[in-house]
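File shown: query39.tsv (TSV, C-alpha atoms).
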```tsv
chain	number	residue	atom	x	y	z
A	1	MET	CA	65.97	65.25	46.28
A	2	THR	CA	62.44	63.96	46.36
A	3	GLU	CA	62.25	60.19	46.44
A	4	MET	CA	60.48	58.57	43.55
A	5	PRO	CA	57.57	56.37	44.59
A	6	ALA	CA	58.14	52.73	44.09
A	7	PRO	CA	56.19	51.09	41.33
A	8	ASP	CA	53.02	49.37	42.34
A	9	PRO	CA	53.68	45.66	42.80
A	10	GLU	CA	50.22	44.83	41.57
A	11	ASN	CA	49.56	44.21	37.94
A	12	ARG	CA	47.75	47.48	37.23
A	13	ASN	CA	47.19	49.40	34.05
A	14	THR	CA	49.27	52.55	33.66
A	15	ILE	CA	48.87	55.82	31.83
A	16	SER	CA	51.19	58.70	31.06
A	17	CYS	CA	50.81	61.80	33.23
A	18	PRO	CA	49.99	64.76	30.93
A	19	ARG	CA	52.32	67.05	32.93
A	20	CYS	CA	55.40	65.12	34.07
A	21	LYS	CA	55.10	62.33	31.47
A	22	PHE	CA	55.76	59.60	34.04
A	23	GLN	CA	53.88	56.32	33.90
A	24	ILE	CA	51.35	56.23	36.70
A	25	PRO	CA	48.50	53.87	37.58
A	26	ASP	CA	45.31	54.78	35.78
A	27	ASP	CA	43.12	54.49	38.91
A	28	VAL	CA	44.74	57.25	41.02
A	29	PRO	CA	43.22	60.73	41.26
A	30	ASP	CA	46.59	62.57	41.60
A	31	CYS	CA	49.98	61.98	40.04
A	32	PRO	CA	52.37	60.64	42.72
A	33	TYR	CA	55.27	62.54	41.10
A	34	CYS	CA	53.99	66.04	40.39
A	35	ARG	CA	51.08	65.93	42.84
A	36	GLN	CA	48.76	67.26	40.16
A	37	PRO	CA	45.28	65.91	39.54
A	38	VAL	CA	45.08	63.46	36.69
A	39	PRO	CA	42.25	64.13	34.22
A	40	GLY	CA	39.83	61.20	34.24
A	41	GLY	CA	41.37	59.60	37.28
A	42	THR	CA	39.07	58.01	39.87
A	43	PRO	CA	39.87	56.95	43.36
A	44	GLY	CA	39.98	53.30	44.23
A	45	MET	CA	40.51	50.24	42.13
A	46	ARG	CA	38.98	50.09	38.68
A	47	LYS	CA	36.39	47.38	38.31
A	48	ASP	CA	37.01	44.69	35.78
A	49	ILE	CA	33.98	44.77	33.48
A	50	ARG	CA	35.17	42.03	31.20
A	51	GLY	CA	33.12	39.49	33.13
A	52	LEU	CA	29.99	41.57	32.60
A	53	LEU	CA	30.38	41.37	28.83
A	54	VAL	CA	29.83	37.58	28.87
A	55	PRO	CA	26.16	36.68	29.55
A	56	PRO	CA	25.64	34.07	32.25
A	57	GLU	CA	24.48	30.59	31.34
A	58	ARG	CA	20.76	30.45	32.09
A	59	PHE	CA	20.14	26.72	31.70
A	60	PRO	CA	23.29	24.91	32.80
A	61	ARG	CA	21.67	21.46	32.87
A	62	LEU	CA	20.30	21.84	29.38
A	63	GLY	CA	23.63	23.08	28.12
A	64	ARG	CA	25.46	20.18	29.70
A	65	TYR	CA	22.95	17.70	28.27
A	66	TYR	CA	23.33	19.21	24.81
A	67	ARG	CA	27.12	19.02	25.01
A	68	GLU	CA	26.93	15.36	26.02
A	69	HIS	CA	24.13	14.18	23.68
A	70	GLY	CA	24.01	16.92	21.07
A	71	LYS	CA	25.20	14.68	18.25
A	72	TRP	CA	22.22	12.34	18.74
A	73	VAL	CA	19.83	15.29	18.80
A	74	LYS	CA	21.25	16.50	15.50
A	75	VAL	CA	20.61	13.08	13.93
A	76	VAL	CA	17.24	12.16	15.44
A	77	GLY	CA	15.69	15.65	15.27
A	78	PRO	CA	15.65	16.00	11.45
A	79	ALA	CA	14.44	12.40	11.08
A	80	LEU	CA	11.46	13.02	13.38
A	81	LEU	CA	10.71	16.27	11.58
A	82	ALA	CA	10.71	14.49	8.21
A	83	LEU	CA	8.33	11.82	9.54
A	84	LEU	CA	6.00	14.51	10.84
A	85	VAL	CA	5.98	16.27	7.46
A	86	LEU	CA	5.26	12.99	5.66
A	87	TRP	CA	2.42	12.17	8.06
A	88	LEU	CA	0.83	15.58	7.53
A	89	ALA	CA	1.22	15.31	3.76
A	90	PHE	CA	-0.31	11.81	3.73
A	91	GLY	CA	-3.28	12.98	5.79
A	92	PHE	CA	-3.82	15.97	3.52
A	93	LEU	CA	-3.67	13.88	0.34
A	94	THR	CA	-5.88	11.05	1.57
A	95	ARG	CA	-8.61	13.04	3.27
A	96	VAL	CA	-11.99	13.34	1.60
A	97	ARG	CA	-12.62	16.74	0.03
A	98	ILE	CA	-16.13	18.19	0.35
A	99	VAL	CA	-17.48	20.32	-2.50
A	100	VAL	CA	-20.71	22.30	-2.08
A	101	PRO	CA	-21.74	24.31	-5.16
A	102	ALA	CA	-23.44	27.67	-4.62
A	103	ASP	CA	-27.23	27.36	-4.54
A	104	ASN	CA	-29.84	30.05	-3.86
A	105	ALA	CA	-32.53	27.57	-2.81
A	106	PHE	CA	-30.54	25.41	-0.37
A	107	LEU	CA	-27.67	26.02	2.02
A	108	ILE	CA	-25.60	22.93	2.90
A	109	GLU	CA	-23.00	22.67	5.64
A	110	ALA	CA	-21.10	19.43	6.22
A	111	GLU	CA	-18.00	18.18	8.01
A	112	ARG	CA	-15.98	14.98	8.06
A	113	GLU	CA	-16.02	12.54	10.97
A	114	ARG	CA	-13.67	9.54	11.04
A	115	LYS	CA	-14.74	6.55	13.11
A	116	ASP	CA	-12.48	4.13	14.96
A	117	ASP	CA	-12.97	1.41	12.34
A	118	GLY	CA	-11.73	3.70	9.54
A	119	ARG	CA	-15.13	4.69	8.18
A	120	VAL	CA	-15.69	8.30	7.15
A	121	LEU	CA	-19.07	9.93	7.79
A	122	LEU	CA	-20.33	13.23	6.47
A	123	THR	CA	-22.62	14.90	8.97
A	124	GLY	CA	-24.30	18.17	8.16
A	125	LYS	CA	-27.50	20.09	7.68
A	126	ILE	CA	-29.44	21.64	4.83
A	127	VAL	CA	-31.43	24.87	5.11
A	128	ASN	CA	-34.44	25.44	2.86
A	129	ARG	CA	-34.32	28.96	1.44
A	130	GLY	CA	-36.91	28.31	-1.25
A	131	GLU	CA	-40.56	27.27	-1.28
A	132	ASP	CA	-42.31	25.32	1.47
A	133	ILE	CA	-42.27	21.52	1.23
A	134	PRO	CA	-44.93	20.24	3.67
A	135	ASP	CA	-45.64	16.75	4.87
A	136	LEU	CA	-48.00	14.40	3.02
A	137	SER	CA	-47.03	15.73	-0.39
A	138	LEU	CA	-45.56	14.13	-3.48
A	139	ARG	CA	-42.46	16.29	-3.22
A	140	SER	CA	-39.55	16.06	-0.85
A	141	ILE	CA	-36.19	17.72	-0.30
A	142	GLY	CA	-33.23	15.45	-0.85
A	143	VAL	CA	-29.45	15.76	-0.55
A	144	ILE	CA	-27.57	14.32	-3.53
A	145	ALA	CA	-24.03	13.11	-2.87
A	146	VAL	CA	-21.78	12.47	-5.87
A	147	PHE	CA	-18.72	10.37	-4.95
A	148	LEU	CA	-15.60	10.73	-7.07
A	149	TYR	CA	-13.21	7.78	-6.77
A	150	GLY	CA	-9.48	7.84	-7.32
A	151	ASP	CA	-9.79	6.00	-10.64
A	152	GLY	CA	-12.29	8.55	-12.02
A	153	ARG	CA	-15.50	6.62	-11.36
A	154	THR	CA	-18.52	8.47	-9.96
A	155	GLU	CA	-21.41	7.24	-7.86
A	156	ARG	CA	-24.60	8.97	-6.70
A	157	LYS	CA	-26.44	8.59	-3.44
A	158	ARG	CA	-29.58	10.35	-2.21
A	159	VAL	CA	-30.56	10.92	1.41
A	160	PHE	CA	-33.46	12.82	2.93
A	161	PRO	CA	-32.80	15.26	5.78
A	162	LYS	CA	-34.56	14.80	9.09
A	163	SER	CA	-36.28	17.67	10.86
A	164	PRO	CA	-37.33	17.56	14.52
A	165	PHE	CA	-40.69	19.11	13.60
A	166	ARG	CA	-41.61	17.29	10.36
A	167	GLY	CA	-41.05	14.08	8.47
A	168	GLU	CA	-38.07	13.21	6.31
A	169	GLY	CA	-37.59	15.62	3.45
A	170	ALA	CA	-40.31	18.03	4.58
A	171	LEU	CA	-39.00	21.52	5.34
A	172	PHE	CA	-40.69	24.89	5.33
A	173	ARG	CA	-38.84	27.99	4.24
A	174	GLY	CA	-36.14	28.81	6.80
A	175	GLU	CA	-36.18	25.36	8.44
A	176	SER	CA	-33.18	23.01	8.50
A	177	GLY	CA	-32.77	19.28	8.53
A	178	ALA	CA	-29.84	17.06	9.50
A	179	PHE	CA	-28.38	14.29	7.35
A	180	GLU	CA	-25.59	11.73	7.56
A	181	ILE	CA	-23.81	10.04	4.66
A	182	GLU	CA	-21.26	7.25	4.85
A	183	VAL	CA	-18.39	7.68	2.40
A	184	PRO	CA	-17.19	4.52	0.64
A	185	LYS	CA	-13.52	3.64	0.64
A	186	GLY	CA	-11.42	5.00	-2.19
A	187	VAL	CA	-13.43	8.21	-2.58
A	188	ARG	CA	-11.36	11.35	-3.16
A	189	SER	CA	-14.09	14.00	-3.10
A	190	VAL	CA	-17.81	14.33	-2.40
A	191	THR	CA	-20.06	16.90	-4.09
A	192	LEU	CA	-23.22	17.78	-2.15
A	193	ARG	CA	-26.24	19.59	-3.50
A	194	GLY	CA	-29.91	19.87	-2.61
A	195	GLU	CA	-32.88	19.26	-4.86
A	196	ILE	CA	-36.64	18.82	-4.75
A	197	VAL	CA	-37.56	15.22	-5.52
A	198	ASN	CA	-40.87	14.35	-7.16
A	199	LEU	CA	-41.87	11.20	-5.33
A	200	GLY	CA	-44.64	10.35	-7.83
A	201	GLU	CA	-42.64	10.55	-11.04
A	202	ASP	CA	-42.00	6.82	-11.22
A	203	ARG	CA	-45.36	5.65	-9.92
A	204	VAL	CA	-48.26	4.31	-12.04
A	205	PHE	CA	-51.70	5.07	-10.66
A	206	VAL	CA	-54.47	2.56	-11.44
A	207	PRO	CA	-58.04	3.92	-11.47
A	208	SER	CA	-60.36	2.31	-8.94
A	209	ASN	CA	-63.02	1.38	-11.59
A	210	ARG	CA	-60.54	-0.63	-13.63
A	211	GLU	CA	-60.33	-4.29	-12.85
A	212	ILE	CA	-56.87	-5.47	-11.94
A	213	ARG	CA	-55.87	-8.50	-13.95
A	214	ARG	CA	-54.10	-11.17	-12.06
A	215	LEU	CA	-51.71	-13.68	-13.50
A	216	PRO	CA	-52.84	-17.29	-13.41
A	217	ALA	CA	-51.31	-19.35	-10.67
A	218	GLN	CA	-48.68	-21.84	-11.72
A	219	ARG	CA	-49.49	-25.50	-11.21
A	220	ASN	CA	-47.16	-27.68	-9.24
A	221	ARG	CA	-45.78	-30.50	-11.30
```

Could I get this structure in the form of structure tokens?
Amino acid sequence: MTEMPAPDPENRNTISCPRCKFQIPDDVPDCPYCRQPVPGGTPGMRKDIRGLLVPPERFPRLGRYYREHGKWVKVVGPALLALLVLWLAFGFLTRVRIVVPADNAFLIEAERERKDDGRVLLTGKIVNRGEDIPDLSLRSIGVIAVFLYGDGRTERKRVFPKSPFRGEGALFRGESGAFEIEVPKGVRSVTLRGEIVNLGEDRVFVPSNREIRRLPAQRNR
């Protein structure tokens, strides 16, 4: 009588032989009982792939730090994020808004500049796309700034752009001039527009043949 092979002392997985129905290890190519090849059997020990299914830890120090101090990160992280959101919202609500209406005669470009002492300056340039405004004339190009305060008040300010080739307010067609405007505190928005200023509209011209009357001098008592 053929001796039956002793069971494998190792803890190995077994399968049923399709021919003799005995339980045999699943990593043998032939059945040790009927000496017939086992379908799907491979020689040697089967590799344990269970360890390959678990990805390795890439940052062990970071993982250990998070396990030790993770509760503080969960508390401090949202608080810092909320402060950052509030700071961005405060800066967006308190910044000065620049409004430049569309104009075919003048093109204005301006940007905000905050100084160290808290002052806000508007620096920009104006391009003359209309008629020529030369030097030594009674007309000049000005930039009108309308300040809108938080309480609804408005205030106007006029500045004259400076050109490297001409005097203040004198620009030919296609030339540009730079300007700078200081924004008062409490202003929410600034509206900028260009206009041609008649410098002689408020002046009174006295003819040379008319005698200028002088007021009598006051006597000292």

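Proximity to A:Asn13 was assessed for A:Arg166, A:Glu175, A:Val146, A:Val28 counting only C-alpha atoms; the smallest distance is recorded for A:Val28.
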
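Taking atom CA of A:Leu148 and atom CA of A:Leu88 as the two end points, the separation is 22.5 Å.
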
Which residues are close to stretch 16-21 of chain A, i.e. within 10 Å by all atoms listed in the file, leaving aside same-chain residues fewer than 5 positions away? Reply as a PDB file with C-alpha atoms, keeping the file's coordinate frame.
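Below is the file that was written, selection-v4.pdb:
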```pdb
ATOM      1  CA  ASP A  26      45.310  54.780  35.780  1.00  0.00           C
ATOM      2  CA  ASP A  30      46.590  62.570  41.600  1.00  0.00           C
ATOM      3  CA  CYS A  31      49.980  61.980  40.040  1.00  0.00           C
ATOM      4  CA  PRO A  32      52.370  60.640  42.720  1.00  0.00           C
ATOM      5  CA  TYR A  33      55.270  62.540  41.100  1.00  0.00           C
ATOM      6  CA  CYS A  34      53.990  66.040  40.390  1.00  0.00           C
ATOM      7  CA  ARG A  35      51.080  65.930  42.840  1.00  0.00           C
ATOM      8  CA  GLN A  36      48.760  67.260  40.160  1.00  0.00           C
ATOM      9  CA  PRO A  37      45.280  65.910  39.540  1.00  0.00           C
ATOM     10  CA  VAL A  38      45.080  63.460  36.690  1.00  0.00           C
ATOM     11  CA  PRO A  39      42.250  64.130  34.220  1.00  0.00           C
TER      12      PRO A  39
END
```

Seminar exercise, completed: Nearest to A:Asp151, restricted to only C-alpha atoms and choosing among A:Pro101, A:Gly63, A:Gly186, A:Gly194, comes out as A:Gly186

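Remark: for A:Ala170, the closest of the candidate residues A:Asn128, A:Thr154, A:Asn198, A:Ser140 is A:Ser140 (distances computed over only C-alpha atoms).
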
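Relative to atom CA of A:Ala178, atom CA of A:Ile108 is found at 9.8 Å.
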